[in-house]
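In what follows, a single structure is set out as structure tokens and then discussed.
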Amino acid sequence: MGVHDTVFVSATTAVLLVLMIQSSLAARLPIKSDVPFAQNYYVRWADDHTRMLNGGTEMHLVLDKASGAGFGSRTKYLFGHVSMKIKLVPKDSAGTVTAFYMSSETDKHDELDFEFLGNTSGQPYIVQTNVFANGVGNREQRHYLWFDPTQDFHSYSFLWNKQQIIFYVDDVPLRVHKNNEAIGIPFPKSQPMGIYSSLWNGDDWATRGGLEKINWDHAPFVAAYKGFSVDACAGGVESCSAPRGNWWEQEAFQSTDEETKSKLKWVKDNYMIYDYCSDGKRFPTTPADCGQF
Ligand SMILES: *[C@@H]1O[C@H](CO)[C@@H](O)[C@H](O)[C@H]1NC(C)=O
């Protein structure tokens, strides 16, 4: 290859690189700053089973035989990007459930769930996700993760606008829930939701379907949290429903681009272990929102 060819190749590569960077920038999630827990959150349950660290920028939930614990946001939000950095219960976490979710907490509630199901030492956590609209859920998916979630903090987030809800693990989309109101399926878009997290005993179902019980000799179980800023519209339909120029409303976030689709496929092919859409036993007729991707 001559000098000229080399120059030509690198020029082409450079153009490609710029294009790739631009296209991936299009749907990049912004990096958020850290703020103290108390700015946006409060302890809702079992104050004595929580710990504040580093000036309130890190907090721990503690589960022992006496109690688990939980916290929630001070206000409710309609649309935005809601994320939390979590380091899950290490070592033997069998039977424990760490939940990070949004809920409107009404009669016919909307809810978005991440539930982290613990496991015996060295065995993989399961992440169960679900979407409720108007009080109806039954949209469980289950995944393994591509890393050990007990070693470091990772961010788990919901990108929520009128067109879709994307569940992210760091910057990898785990799941997309589209607005399918066009075919008569309710979509969470009119009930503001609070942000919640809790650590509790779920050993009647969580690990290997409930076979593996909590070993209290290994208590206390601790989940650690950071990243308490909230990038979402605080308020309800009046204040958040009309377009307000927020970044999550932009076109880049209204549909799934090619990069998002290929990452979703990678997750599905390698880490998905359960999908309500392919559970013919439970749903002899495939739910209407399946395949509407
Ligand atoms: C726990 O580990 C077992 C064995 O590897 C696995 O079958 C199961 O899916 C894991 N996770 C949970 C939450 O049960």
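Naming scheme: A, B, ... for chains in displayed order of the structure tokens; residues 1 onward per chain; ligands 1 onward as shown.
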
Environment of ligand 1 within 7 Å, counting only C-alpha atoms and all ligand atoms, reported as number ranges by chain: A: 117-120, 123-126, 206-209

Can I get the selected residues back with N, CA and C atoms, as a PDB file, in the first residue's frame?
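Generated file (result.pdb):
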```pdb
ATOM      1  N   LEU A 117     -32.917  -9.451  42.201  1.00  0.00           N
ATOM      2  CA  LEU A 117     -33.124 -10.637  43.029  1.00  0.00           C
ATOM      3  C   LEU A 117     -31.766 -11.226  43.376  1.00  0.00           C
ATOM      4  N   GLY A 118     -31.485 -11.273  44.656  1.00  0.00           N
ATOM      5  CA  GLY A 118     -30.183 -11.725  45.133  1.00  0.00           C
ATOM      6  C   GLY A 118     -29.969 -13.212  44.904  1.00  0.00           C
ATOM      7  N   ASN A 119     -28.758 -13.660  45.253  1.00  0.00           N
ATOM      8  CA  ASN A 119     -28.435 -15.073  45.036  1.00  0.00           C
ATOM      9  C   ASN A 119     -27.382 -15.519  46.045  1.00  0.00           C
ATOM     10  N   THR A 120     -27.166 -16.816  46.087  1.00  0.00           N
ATOM     11  CA  THR A 120     -26.106 -17.318  46.952  1.00  0.00           C
ATOM     12  C   THR A 120     -24.765 -16.833  46.400  1.00  0.00           C
ATOM     13  N   GLN A 123     -23.296 -16.763  42.667  1.00  0.00           N
ATOM     14  CA  GLN A 123     -24.339 -17.040  41.669  1.00  0.00           C
ATOM     15  C   GLN A 123     -24.947 -15.719  41.186  1.00  0.00           C
ATOM     16  N   PRO A 124     -25.448 -15.700  39.974  1.00  0.00           N
ATOM     17  CA  PRO A 124     -25.844 -14.411  39.380  1.00  0.00           C
ATOM     18  C   PRO A 124     -27.173 -13.832  39.894  1.00  0.00           C
ATOM     19  N   TYR A 125     -27.161 -12.535  40.081  1.00  0.00           N
ATOM     20  CA  TYR A 125     -28.395 -11.796  40.331  1.00  0.00           C
ATOM     21  C   TYR A 125     -29.300 -11.911  39.111  1.00  0.00           C
ATOM     22  N   ILE A 126     -30.606 -11.754  39.334  1.00  0.00           N
ATOM     23  CA  ILE A 126     -31.551 -11.568  38.232  1.00  0.00           C
ATOM     24  C   ILE A 126     -32.114 -10.160  38.359  1.00  0.00           C
ATOM     25  N   ALA A 206     -37.971 -14.893  45.527  1.00  0.00           N
ATOM     26  CA  ALA A 206     -36.920 -14.224  44.750  1.00  0.00           C
ATOM     27  C   ALA A 206     -35.866 -15.156  44.154  1.00  0.00           C
ATOM     28  N   THR A 207     -35.312 -16.023  44.953  1.00  0.00           N
ATOM     29  CA  THR A 207     -34.138 -16.775  44.498  1.00  0.00           C
ATOM     30  C   THR A 207     -34.504 -18.221  44.190  1.00  0.00           C
ATOM     31  N   ARG A 208     -34.207 -18.610  42.979  1.00  0.00           N
ATOM     32  CA  ARG A 208     -34.591 -19.927  42.454  1.00  0.00           C
ATOM     33  C   ARG A 208     -36.052 -20.211  42.801  1.00  0.00           C
ATOM     34  N   GLY A 209     -36.871 -19.191  42.553  1.00  0.00           N
ATOM     35  CA  GLY A 209     -38.305 -19.333  42.747  1.00  0.00           C
ATOM     36  C   GLY A 209     -38.721 -19.549  44.187  1.00  0.00           C
TER      37      GLY A 209
END
```

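Excluding Arg139 in chain A itself and same-chain residues fewer than 2 positions from it, the residues having an atom within 6 Å of it are A:Asn130, A:Val131, A:Gly137, A:Tyr276, counting only C-alpha atoms.
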
Expected file contents, prior selection, C-alpha atoms, as a compact mmCIF listing (two decimals), in the first residue's frame:
```
# COMPACT_ATOMS: atom_id res chain seq x y z
CA ASN A 130 -42.06 -4.53 34.76
CA VAL A 131 -44.33 -1.77 33.48
CA GLY A 137 -48.75 -4.90 34.95
CA TYR A 276 -43.81 -12.24 29.21
```

Kindly assemble as CSV a list of the range 184-207 of chain A residues that lie within 10 Å of range 146-167 of chain A, each paired with its nearest atom pair and their distance in Å to one decimal, using only C-alpha atoms, sorted first by chain and then by ascending residue number.
```
residue,atom,partner,partner_atom,distance
A:Phe187,CA,A:Lys162,CA,8.3
A:Pro188,CA,A:Lys162,CA,8.2
A:Lys189,CA,A:Lys162,CA,6.2
A:Ser190,CA,A:Lys162,CA,9.4
```

Secondary structure check, alpha helix (DSSP H) residues of range 28-276 of chain A, as number ranges by chain: A: 37-40, 237-240, 258-271

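Around Pro220 in chain A, within 8 Å and counting only C-alpha atoms, the residues found are Val62, Leu63, Asp64 and Trp216 of chain A, once anything fewer than 3 positions away on its own chain is removed.
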
With N, CA and C atoms retained, write the just-selected residues as a PDB file, in the first residue's frame.
```
ATOM      1  N   VAL A  62     -30.203  -1.120  54.904  1.00  0.00           N
ATOM      2  CA  VAL A  62     -29.745  -2.289  55.654  1.00  0.00           C
ATOM      3  C   VAL A  62     -30.919  -3.224  55.915  1.00  0.00           C
ATOM      4  N   LEU A  63     -30.714  -4.502  55.642  1.00  0.00           N
ATOM      5  CA  LEU A  63     -31.731  -5.510  55.943  1.00  0.00           C
ATOM      6  C   LEU A  63     -31.167  -6.495  56.961  1.00  0.00           C
ATOM      7  N   ASP A  64     -31.885  -6.626  58.083  1.00  0.00           N
ATOM      8  CA  ASP A  64     -31.554  -7.701  59.016  1.00  0.00           C
ATOM      9  C   ASP A  64     -32.853  -8.351  59.458  1.00  0.00           C
ATOM     10  N   TRP A 216     -29.792 -15.704  57.675  1.00  0.00           N
ATOM     11  CA  TRP A 216     -29.665 -14.557  58.587  1.00  0.00           C
ATOM     12  C   TRP A 216     -28.308 -14.504  59.284  1.00  0.00           C
TER      13      TRP A 216
END
```

Strand (DSSP E or B) per DSSP on the backbone: members of range 119-237 of chain A, as number ranges by chain: A: 126-133, 136, 141-143, 154-160, 164-169, 172-178, 193-201, 221-226, 231-234
